[in-house]
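Below is the file query-v9.txt, which contains compact mmCIF, C-alpha atoms.
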```
# COMPACT_ATOMS: atom_id res chain seq x y z
CA MET A 4 0.00 0.00 0.00
CA ALA A 5 1.70 3.19 -1.17
CA SER A 6 1.67 5.85 1.48
CA GLY A 7 3.40 9.00 2.58
CA TRP A 8 3.74 11.89 4.95
CA THR A 9 2.55 15.32 4.05
CA ASN A 10 5.00 18.07 4.86
CA ARG A 11 2.50 19.31 7.43
CA GLY A 12 2.69 15.90 9.04
CA LYS A 13 6.49 15.95 9.14
CA PHE A 14 6.41 19.40 10.65
CA ALA A 15 3.84 18.46 13.31
CA MET A 16 5.80 15.39 14.32
CA LEU A 17 9.08 17.28 14.68
CA ASP A 18 7.41 20.18 16.43
CA TYR A 19 5.97 17.78 18.95
CA PHE A 20 9.11 15.67 19.36
CA CYS A 21 11.70 18.44 19.46
CA ARG A 22 9.82 21.33 20.96
CA GLY A 23 7.19 19.63 23.07
CA THR A 24 4.44 21.60 21.38
CA ASP A 25 1.81 22.95 23.72
CA PRO A 26 -0.97 22.38 22.91
CA LEU A 27 -0.18 19.09 21.25
CA PRO A 28 -0.68 19.14 17.50
CA VAL A 29 -3.28 16.43 17.97
CA SER A 30 -4.81 14.33 20.71
CA VAL A 31 -7.43 12.62 18.57
CA PHE A 32 -6.85 11.66 14.96
CA LYS A 33 -9.38 11.06 12.24
CA LEU A 34 -9.03 8.59 9.40
CA ALA A 35 -11.05 9.84 6.44
CA LEU A 36 -11.70 8.62 2.90
CA VAL A 37 -11.06 10.91 -0.05
CA LYS A 38 -11.46 10.63 -3.80
CA THR A 39 -8.68 12.95 -4.91
CA THR A 40 -4.97 12.21 -4.84
CA PRO A 41 -3.21 13.82 -1.90
CA ASP A 42 0.44 14.79 -2.09
CA GLN A 43 3.08 15.99 0.32
CA ASP A 44 2.12 19.62 -0.19
CA ASP A 45 -1.50 19.15 0.85
CA ASN A 46 -1.87 20.80 4.23
CA THR A 47 -5.51 20.73 5.19
CA PHE A 48 -8.75 18.98 4.44
CA ALA A 49 -9.65 21.88 2.17
CA ASP A 50 -6.94 20.63 -0.22
CA VAL A 51 -8.65 17.29 -0.89
CA THR A 52 -12.15 16.07 -1.72
CA GLU A 53 -13.79 13.73 0.73
CA VAL A 54 -16.08 10.94 -0.39
CA ALA A 55 -19.82 11.55 -0.07
CA ALA A 56 -21.21 11.15 3.42
CA GLY A 57 -24.12 8.86 4.20
CA ASN A 58 -24.90 5.14 4.03
CA GLY A 59 -22.46 4.43 6.86
CA TYR A 60 -19.80 7.03 6.21
CA THR A 61 -19.69 10.10 8.48
CA ALA A 62 -18.06 13.26 7.14
CA GLY A 63 -14.59 13.69 8.62
CA GLY A 64 -13.96 9.99 9.06
CA GLU A 65 -13.45 7.65 12.00
CA THR A 66 -11.68 8.41 15.25
CA VAL A 67 -8.20 7.07 15.97
CA ASN A 68 -7.15 7.85 19.50
CA GLN A 69 -3.61 8.74 20.46
CA ASN A 70 -2.88 5.61 22.46
CA ALA A 71 -1.40 2.14 22.26
CA THR A 72 -4.78 0.54 21.64
CA ASP A 73 -5.58 2.42 18.46
CA TRP A 74 -1.92 2.45 17.31
CA ASP A 75 -1.70 -1.20 18.00
CA VAL A 76 1.75 -2.25 16.76
CA LEU A 77 5.01 -0.39 16.93
CA THR A 78 7.98 -1.74 14.98
CA GLU A 79 11.65 -0.83 15.23
CA ASP A 80 13.25 -2.21 12.08
CA ASP A 81 17.05 -2.34 12.19
CA THR A 82 17.20 -4.26 8.92
CA ASN A 83 15.69 -1.37 6.99
CA ASP A 84 16.63 1.48 9.34
CA ARG A 85 13.12 2.71 10.05
CA ALA A 86 10.31 2.69 12.56
CA LEU A 87 6.66 1.99 11.85
CA CYS A 88 3.42 2.42 13.74
CA GLN A 89 0.29 0.56 12.72
CA ILE A 90 -3.33 1.65 13.16
CA LYS A 91 -6.01 -0.71 14.40
CA ASP A 92 -8.49 -2.00 11.84
CA ILE A 93 -10.95 0.69 10.77
CA VAL A 94 -14.27 -0.52 9.34
CA TRP A 95 -17.09 1.20 7.53
CA THR A 96 -20.27 -0.80 6.88
CA ALA A 97 -22.51 0.29 4.03
CA SER A 98 -26.07 0.79 5.21
CA GLY A 99 -28.99 1.71 2.99
CA GLY A 100 -27.02 1.67 -0.27
CA ASP A 101 -23.55 2.07 -1.66
CA LEU A 102 -20.73 3.50 0.41
CA PRO A 103 -19.75 6.13 -0.69
CA SER A 104 -23.35 7.09 -1.22
CA ASP A 105 -22.76 8.64 -4.66
CA SER A 106 -20.81 5.55 -5.76
CA ALA A 107 -17.73 7.70 -6.50
CA GLY A 108 -15.13 5.45 -4.94
CA ALA A 109 -12.64 6.20 -2.19
CA THR A 110 -9.12 6.21 -3.63
CA PHE A 111 -7.09 7.34 -0.62
CA ALA A 112 -7.34 7.40 3.16
CA ILE A 113 -5.92 10.36 5.04
CA LEU A 114 -4.95 10.88 8.67
CA THR A 115 -5.95 14.25 10.10
CA ASP A 116 -6.47 15.98 13.41
CA ASP A 117 -9.98 16.52 14.75
CA ASN A 118 -10.26 20.29 14.48
CA GLY A 119 -13.90 21.33 14.89
CA THR A 120 -13.73 23.05 11.54
CA GLN A 121 -13.27 20.12 9.22
CA SER A 122 -11.83 22.10 6.33
CA ALA A 123 -9.07 23.35 8.65
CA ARG A 124 -7.96 19.92 9.79
CA ASN A 125 -4.31 19.22 9.11
CA ILE A 126 -3.49 16.25 6.91
CA PHE A 127 -0.56 14.28 8.34
CA PHE A 128 -0.37 11.11 6.28
CA TRP A 129 -2.05 9.40 3.34
CA TRP A 130 -2.52 5.85 2.04
CA ASP A 131 -3.32 4.77 -1.51
CA LEU A 132 -6.24 2.33 -1.49
CA GLY A 133 -5.16 0.84 -4.82
CA GLY A 134 -8.24 1.85 -6.77
CA ALA A 135 -11.66 3.42 -6.37
CA ARG A 136 -13.33 1.55 -3.52
CA VAL A 137 -17.11 1.26 -3.36
CA VAL A 138 -18.98 -1.30 -1.26
CA SER A 139 -22.63 -2.29 -1.58
CA ASP A 140 -25.28 -2.23 1.11
CA THR A 141 -24.24 -4.37 4.15
CA GLN A 142 -20.70 -4.87 2.83
CA THR A 143 -17.71 -3.52 4.72
CA LEU A 144 -14.80 -1.36 3.69
CA THR A 145 -11.90 -2.07 6.00
CA ILE A 146 -8.54 -0.37 6.35
CA GLN A 147 -6.20 -3.00 7.80
CA ASP A 148 -2.62 -2.78 8.97
CA ALA A 149 -2.17 0.78 7.71
CA GLU A 150 1.22 2.04 8.83
CA ILE A 151 2.99 5.31 9.16
CA ARG A 152 6.76 5.12 8.98
CA ILE A 153 9.90 7.12 9.47
CA ASN A 154 12.77 6.24 7.15
CA HIS A 155 15.98 8.13 7.31
CA VAL A 156 19.53 6.87 7.05
CA MET B 20 0.02 -23.77 12.51
CA PHE B 21 2.56 -21.06 11.81
CA ASP B 22 3.66 -19.62 15.17
CA ALA B 23 5.25 -16.22 14.61
CA LEU B 24 5.70 -15.69 18.32
CA SER B 25 8.00 -18.69 18.56
CA GLN B 26 10.47 -16.84 16.31
CA CYS B 27 10.64 -13.97 18.80
CA THR B 28 12.41 -13.34 22.08
CA PRO B 29 10.88 -11.08 24.74
CA GLU B 30 12.86 -7.85 24.92
CA ASP B 31 13.13 -5.92 28.15
CA ARG B 32 12.56 -2.20 27.70
CA PRO B 33 12.38 -0.18 30.90
CA ASN B 34 9.19 1.86 31.22
CA ALA B 35 7.79 0.42 28.01
CA SER B 36 4.03 0.68 27.62
CA ARG B 37 4.00 -2.40 25.39
CA LYS B 38 5.38 -5.90 25.43
CA TRP B 39 8.39 -5.88 23.15
CA TYR B 40 9.67 -8.79 21.12
CA ALA B 41 12.91 -9.05 19.19
CA VAL B 42 13.12 -11.15 16.05
CA ALA B 43 16.06 -11.87 13.77
CA ALA B 44 15.35 -10.96 10.18
CA SER B 45 16.93 -14.29 9.27
CA ALA B 46 14.16 -15.99 11.21
CA LEU B 47 11.27 -13.71 10.27
CA TYR B 48 11.61 -13.64 6.50
CA PRO B 49 12.52 -17.24 5.60
CA ALA B 50 9.93 -18.72 7.95
CA THR B 51 7.17 -16.38 6.86
CA ILE B 52 7.93 -16.71 3.16
CA ALA B 53 7.90 -20.49 3.50
CA ARG B 54 4.52 -20.21 5.18
CA ILE B 55 3.18 -17.86 2.49
CA LEU B 56 4.26 -20.23 -0.28
CA GLU B 57 2.64 -23.10 1.59
CA CYS B 58 -0.62 -21.15 1.81
CA LEU B 59 -0.51 -20.16 -1.85
CA ASP B 60 -0.40 -23.84 -2.71
CA GLY B 61 -3.28 -24.72 -0.41
CA ASP B 62 -6.89 -23.88 0.22
CA GLY B 63 -8.51 -21.86 2.95
CA TYR B 64 -7.17 -19.05 5.04
CA PRO B 65 -3.97 -19.09 7.11
CA SER B 66 -5.25 -19.59 10.62
CA GLU B 67 -2.63 -17.29 12.14
CA LEU B 68 -4.20 -14.34 10.30
CA VAL B 69 -7.81 -15.12 11.16
CA GLY B 70 -9.36 -13.08 13.94
CA ASP B 71 -10.95 -9.77 14.76
CA ARG B 72 -9.31 -8.85 18.09
CA GLY B 73 -12.75 -8.42 19.59
CA ASN B 74 -14.00 -5.91 17.02
CA ILE B 75 -17.26 -7.42 15.81
CA ASP B 76 -17.33 -5.12 12.79
CA VAL B 77 -14.17 -6.70 11.41
CA ASP B 78 -14.54 -9.67 9.09
CA PRO B 79 -12.16 -12.14 10.78
CA ASN B 80 -10.99 -13.41 7.38
CA ALA B 81 -10.40 -9.97 5.85
CA ALA B 82 -6.72 -9.69 6.71
CA ALA B 83 -5.99 -13.22 5.54
CA ARG B 84 -7.77 -12.47 2.28
CA MET B 85 -5.83 -9.23 1.84
CA TYR B 86 -2.41 -10.80 2.42
CA LEU B 87 -3.17 -13.81 0.23
CA SER B 88 -4.35 -11.54 -2.55
CA ARG B 89 -1.19 -9.45 -2.38
CA ALA B 90 0.98 -12.55 -2.25
CA ARG B 91 -0.75 -14.11 -5.26
CA ALA B 92 0.00 -11.00 -7.28
CA LEU B 93 3.74 -11.73 -7.12
CA ASN B 94 5.63 -14.25 -9.21
CA SER B 95 7.80 -17.01 -7.79
CA ARG B 96 10.99 -15.15 -8.70
CA ALA B 97 10.07 -12.36 -6.29
CA TRP B 98 9.84 -14.82 -3.42
CA ARG B 99 13.18 -16.39 -4.35
CA ASP B 100 14.81 -12.99 -4.68
CA ALA B 101 13.44 -11.97 -1.28
CA LEU B 102 15.60 -14.61 0.38
CA GLU B 103 18.80 -13.24 -1.13
CA GLU B 104 20.62 -9.94 -0.76
CA PRO B 105 19.35 -7.14 -2.97
CA ASN B 106 21.14 -7.34 -6.30
CA PRO B 107 22.01 -3.95 -7.82
CA ARG B 108 22.17 -5.59 -11.26
CA HIS B 109 18.48 -6.42 -11.17
CA GLY B 110 16.24 -3.91 -12.87
CA ALA B 111 13.90 -1.59 -11.03
CA ALA B 112 10.82 -3.73 -11.67
CA ARG B 113 12.46 -6.89 -10.31
CA ALA B 114 13.80 -5.00 -7.28
CA ALA B 115 10.32 -3.62 -6.59
CA GLU B 116 8.81 -7.10 -6.72
CA ARG B 117 11.43 -8.38 -4.30
CA ALA B 118 10.71 -5.47 -1.94
CA ALA B 119 6.98 -6.11 -2.20
CA ALA B 120 7.53 -9.74 -1.23
CA LEU B 121 9.55 -8.71 1.83
CA GLU B 122 6.90 -6.18 2.88
CA ILE B 123 4.10 -8.71 2.52
CA ALA B 124 6.09 -11.15 4.64
CA ARG B 125 6.73 -8.54 7.33
CA GLY B 126 3.07 -7.52 7.34
CA TRP B 127 1.95 -11.16 7.55
CA PHE B 128 4.31 -11.81 10.46
CA THR B 129 3.27 -8.62 12.26
CA ARG B 130 -0.41 -9.42 11.85
CA ALA B 131 0.16 -12.90 13.27
CA ILE B 132 1.93 -11.40 16.28
CA LYS B 133 -0.74 -8.83 16.99
CA LEU B 134 -3.44 -11.47 16.95
CA ARG B 135 -1.53 -13.25 19.73
CA VAL B 136 -0.30 -10.30 21.81
CA GLU B 137 -2.15 -7.14 22.71
CA ASN B 138 -0.54 -3.98 21.27
CA PRO B 139 2.96 -5.40 20.85
CA GLY B 140 6.26 -3.78 20.00
CA LEU B 141 8.36 -5.62 17.44
CA HIS B 142 12.10 -5.17 17.09
CA ILE B 143 13.46 -6.56 13.81
CA LEU B 144 17.20 -7.04 14.18
CA ALA B 145 19.68 -5.88 11.56
CA ASP B 146 20.49 -8.14 8.63
CA ARG B 147 21.58 -6.76 5.28
CA THR B 148 20.30 -9.77 3.37
CA TYR B 149 16.73 -8.68 3.89
CA ARG B 150 17.06 -4.99 3.15
CA LEU B 151 14.46 -3.66 0.75
CA ALA B 152 17.19 -2.00 -1.31
CA PRO B 153 21.01 -2.17 -1.40
```

What's the structure tokens form of this structure?
Amino acid sequence: MASGWTNRGKFAMLDYFCRGTDPLPVSVFKLALVKTTPDQDDNTFADVTEVAAGNGYTAGGETVNQNATDWDVLTEDDTNDRALCQIKDIVWTASGGDLPSDSAGATFAILTDDNGTQSARNIFFWWDLGGARVVSDTQTLTIQDAEIRINHV
Amino acid sequence: MFDALSQCTPEDRPNASRKWYAVAASALYPATIARILECLDGDGYPSELVGDRGNIDVDPNAAARMYLSRARALNSRAWRDALEEPNPRHGAARAAERAAALEIARGWFTRAIKLRVENPGLHILADRTYRLAP
């Protein structure tokens, strides 16, 4: 699964790690589905287009808490000189019709903060879903073993 | 049954909020790739990847299906290459297939561990043979 940090995400992580940002850049994350291609220069939710809400998908996405339960595996990889953190399984169940409700498939998932103004939410990381994903009524769309990683030699 | 945890050694980390396990890359990759190839030749789902960790919304077979699908997309050369050091003479496409095989194996192994241990930490020890790139 192709994936990457946005520059806003890199900044937020370093700001938190090096400067002990107060307030924290995020205490609750959101994992949202979008239908445009994010890149490293996308800063906020306003830079991407979310899938249609309804039929089991709530605008803004699903909550991922900042704890060891929701970030359920941490890996220190000395073979490839990197560290990875994995998110718990996130599931959307289509209810009452297709999900997304306009049948325009989700192509990427993005990790954001939970700012009350959705368009202002920072985008930290993105994952390519490998195609436009649409599920029919009662079917599930599941994001499994999505990882964020830091590689630097 | 493939027992990923048996390849690991508990690792003591003071003040750690997780249980940490160390695993040699030379154990992780050959054992997992052998298991993947065994599953590609067989029927059904690999039992070590089946489970929902208590989340009733999760299809317990979904992860197994995902990893098998990814594994089936690779040719046998990629799996052979994955067990040898990265070769700079191989072209970009072949190198990418080898890397994909290694990443599928690591993901498979990690999934198997997290279905056995709650919120684990995994420490993969250094071994140049299994680097994704030279």

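In this structure, the chain A residues at most 6 Å away from chain B are Asp75, Val76, Leu77, Thr78, Glu79, Asp80, Asp81, Thr82 and Asn83 of chain A, with all atoms listed in the file considered.
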
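Taking atom CA of B:Ala97 and atom CA of B:Ala118 as endpoints, the distance between them is 8.2 Å.
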
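Among the candidates A:Ala5, A:Val138, A:Cys88, A:Val94, the one nearest to A:Phe111 when counting all atoms listed in the file is A:Ala5.
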
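Of note, atom CA of A:Arg11 and atom CA of A:Asn68 are spaced 19.2 Å apart.
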
Take every atom of stretch 100-109 of chain B listed in the file, pad by 8 Å on each side, and give me the axis-aligned box centre and edge lengths in Å, one decimal, as lines of an AutoDock Vina configuration file.
```
center_x = 17.8
center_y = -9.3
center_z = -5.4
size_x = 24.7
size_y = 26.7
size_z = 27.6
```

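Between atom CA of A:Glu65 and atom CA of A:Asn125 lies a distance of 15.0 Å.
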
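Minimum atom-to-atom distance to A:Val37, evaluated using only C-alpha atoms, belongs to A:Gly108 out of A:Gly99, A:Gly108, A:Gly133, A:Gly119.
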
So that I can check the surroundings of A:Gly7, please list as a CSV table (one decimal) with C-alpha atoms, in the coordinates of the input every protein, DNA and RNA residue that reaches within 10 Å of it, counting only C-alpha atoms and ignoring chain neighbours fewer than 5 positions away.
```
chain,number,residue,atom,x,y,z
A,12,GLY,CA,2.7,15.9,9.0
A,41,PRO,CA,-3.2,13.8,-1.9
A,42,ASP,CA,0.4,14.8,-2.1
A,43,GLN,CA,3.1,16.0,0.3
A,113,ILE,CA,-5.9,10.4,5.0
A,127,PHE,CA,-0.6,14.3,8.3
A,128,PHE,CA,-0.4,11.1,6.3
A,129,TRP,CA,-2.0,9.4,3.3
A,130,TRP,CA,-2.5,5.8,2.0
A,131,ASP,CA,-3.3,4.8,-1.5
A,150,GLU,CA,1.2,2.0,8.8
A,151,ILE,CA,3.0,5.3,9.2
A,152,ARG,CA,6.8,5.1,9.0
A,153,ILE,CA,9.9,7.1,9.5
```

If you count all atoms listed in the file, which residues fall within 7 Å of B:Ala23, apart from same-chain ones fewer than 3 positions away, as a list in words?
Gln26, Phe128, Ala131 and Ile132 of chain B

List as JSON, numbers by chain the protein and nucleic acid residues near A:Asp101, meaning an atom at most 8 Å away when only C-alpha atoms are counted, but skip any in the same chain fewer than 2 places from it.
{"A": [58, 97, 98, 99, 103, 104, 105, 106, 137, 138, 139, 140]}

Residues within 12 Å of B:Ala114, please, as a ChimeraX atom specification. Count only C-alpha atoms; anything in the same chain fewer than 6 positions from it doesn't count.
/B:96-101,103-108,120-121,150-153

Print the selection's residues with C-alpha atoms to a file, as an mmCIF file, keeping the file's coordinate frame.
```cif
data_model
loop_
_atom_site.group_PDB
_atom_site.id
_atom_site.type_symbol
_atom_site.label_atom_id
_atom_site.label_comp_id
_atom_site.auth_asym_id
_atom_site.auth_seq_id
_atom_site.Cartn_x
_atom_site.Cartn_y
_atom_site.Cartn_z
ATOM 1 C CA ARG B 96 10.990 -15.150 -8.700
ATOM 2 C CA ALA B 97 10.070 -12.360 -6.290
ATOM 3 C CA TRP B 98 9.840 -14.820 -3.420
ATOM 4 C CA ARG B 99 13.180 -16.390 -4.350
ATOM 5 C CA ASP B 100 14.810 -12.990 -4.680
ATOM 6 C CA ALA B 101 13.440 -11.970 -1.280
ATOM 7 C CA GLU B 103 18.800 -13.240 -1.130
ATOM 8 C CA GLU B 104 20.620 -9.940 -0.760
ATOM 9 C CA PRO B 105 19.350 -7.140 -2.970
ATOM 10 C CA ASN B 106 21.140 -7.340 -6.300
ATOM 11 C CA PRO B 107 22.010 -3.950 -7.820
ATOM 12 C CA ARG B 108 22.170 -5.590 -11.260
ATOM 13 C CA ALA B 120 7.530 -9.740 -1.230
ATOM 14 C CA LEU B 121 9.550 -8.710 1.830
ATOM 15 C CA ARG B 150 17.060 -4.990 3.150
ATOM 16 C CA LEU B 151 14.460 -3.660 0.750
ATOM 17 C CA ALA B 152 17.190 -2.000 -1.310
ATOM 18 C CA PRO B 153 21.010 -2.170 -1.400
#
```

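Checking A:Thr61, A:Gln147, A:Asn154, A:Ser122 one by one against B:Tyr86, counting only C-alpha atoms, you find the shortest gap at A:Gln147.
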
Limit the output to N, CA and C atoms and give stretch 115-134 of chain A as an mmCIF file, in the first residue's frame.
```cif
data_model
loop_
_atom_site.group_PDB
_atom_site.id
_atom_site.type_symbol
_atom_site.label_atom_id
_atom_site.label_comp_id
_atom_site.auth_asym_id
_atom_site.auth_seq_id
_atom_site.Cartn_x
_atom_site.Cartn_y
_atom_site.Cartn_z
ATOM 1 N N THR A 115 -5.859 12.829 9.774
ATOM 2 C CA THR A 115 -5.945 14.253 10.097
ATOM 3 C C THR A 115 -6.077 14.437 11.607
ATOM 4 N N ASP A 116 -6.082 15.701 12.023
ATOM 5 C CA ASP A 116 -6.469 15.976 13.409
ATOM 6 C C ASP A 116 -7.986 16.081 13.468
ATOM 7 N N ASP A 117 -8.515 16.490 14.612
ATOM 8 C CA ASP A 117 -9.976 16.517 14.753
ATOM 9 C C ASP A 117 -10.486 17.941 14.971
ATOM 10 N N ASN A 118 -9.814 18.901 14.386
ATOM 11 C CA ASN A 118 -10.262 20.295 14.480
ATOM 12 C C ASN A 118 -11.769 20.384 14.228
ATOM 13 N N GLY A 119 -12.450 21.196 15.022
ATOM 14 C CA GLY A 119 -13.901 21.331 14.893
ATOM 15 C C GLY A 119 -14.331 21.847 13.536
ATOM 16 N N THR A 120 -13.455 22.611 12.908
ATOM 17 C CA THR A 120 -13.725 23.051 11.538
ATOM 18 C C THR A 120 -13.056 22.064 10.599
ATOM 19 N N GLN A 121 -13.854 21.230 9.986
ATOM 20 C CA GLN A 121 -13.271 20.119 9.225
ATOM 21 C C GLN A 121 -12.314 20.591 8.132
ATOM 22 N N SER A 122 -12.675 21.654 7.443
ATOM 23 C CA SER A 122 -11.828 22.100 6.329
ATOM 24 C C SER A 122 -10.451 22.558 6.806
ATOM 25 N N ALA A 123 -10.343 22.876 8.109
ATOM 26 C CA ALA A 123 -9.067 23.354 8.647
ATOM 27 C C ALA A 123 -8.219 22.227 9.229
ATOM 28 N N ARG A 124 -8.732 21.031 9.219
ATOM 29 C CA ARG A 124 -7.958 19.917 9.795
ATOM 30 C C ARG A 124 -6.671 19.691 9.013
ATOM 31 N N ASN A 125 -5.592 19.517 9.739
ATOM 32 C CA ASN A 125 -4.305 19.224 9.113
ATOM 33 C C ASN A 125 -4.277 17.789 8.602
ATOM 34 N N ILE A 126 -3.715 17.605 7.445
ATOM 35 C CA ILE A 126 -3.492 16.250 6.913
ATOM 36 C C ILE A 126 -2.055 15.870 7.259
ATOM 37 N N PHE A 127 -1.890 14.724 7.928
ATOM 38 C CA PHE A 127 -0.558 14.276 8.339
ATOM 39 C C PHE A 127 0.013 13.189 7.434
ATOM 40 N N PHE A 128 -0.854 12.302 6.980
ATOM 41 C CA PHE A 128 -0.367 11.110 6.284
ATOM 42 C C PHE A 128 -1.463 10.627 5.341
ATOM 43 N N TRP A 129 -1.066 9.935 4.287
ATOM 44 C CA TRP A 129 -2.054 9.401 3.343
ATOM 45 C C TRP A 129 -1.679 7.974 2.936
ATOM 46 N N TRP A 130 -2.703 7.216 2.549
ATOM 47 C CA TRP A 130 -2.522 5.847 2.042
ATOM 48 C C TRP A 130 -3.300 5.692 0.740
ATOM 49 N N ASP A 131 -2.666 5.095 -0.250
ATOM 50 C CA ASP A 131 -3.323 4.769 -1.512
ATOM 51 C C ASP A 131 -4.134 3.483 -1.320
ATOM 52 N N LEU A 132 -5.399 3.507 -1.671
ATOM 53 C CA LEU A 132 -6.245 2.326 -1.493
ATOM 54 C C LEU A 132 -6.186 1.390 -2.695
ATOM 55 N N GLY A 133 -5.375 1.739 -3.693
ATOM 56 C CA GLY A 133 -5.164 0.841 -4.817
ATOM 57 C C GLY A 133 -6.306 0.787 -5.801
ATOM 58 N N GLY A 134 -7.110 1.828 -5.836
ATOM 59 C CA GLY A 134 -8.240 1.853 -6.768
ATOM 60 C C GLY A 134 -9.408 2.559 -6.123
#
```
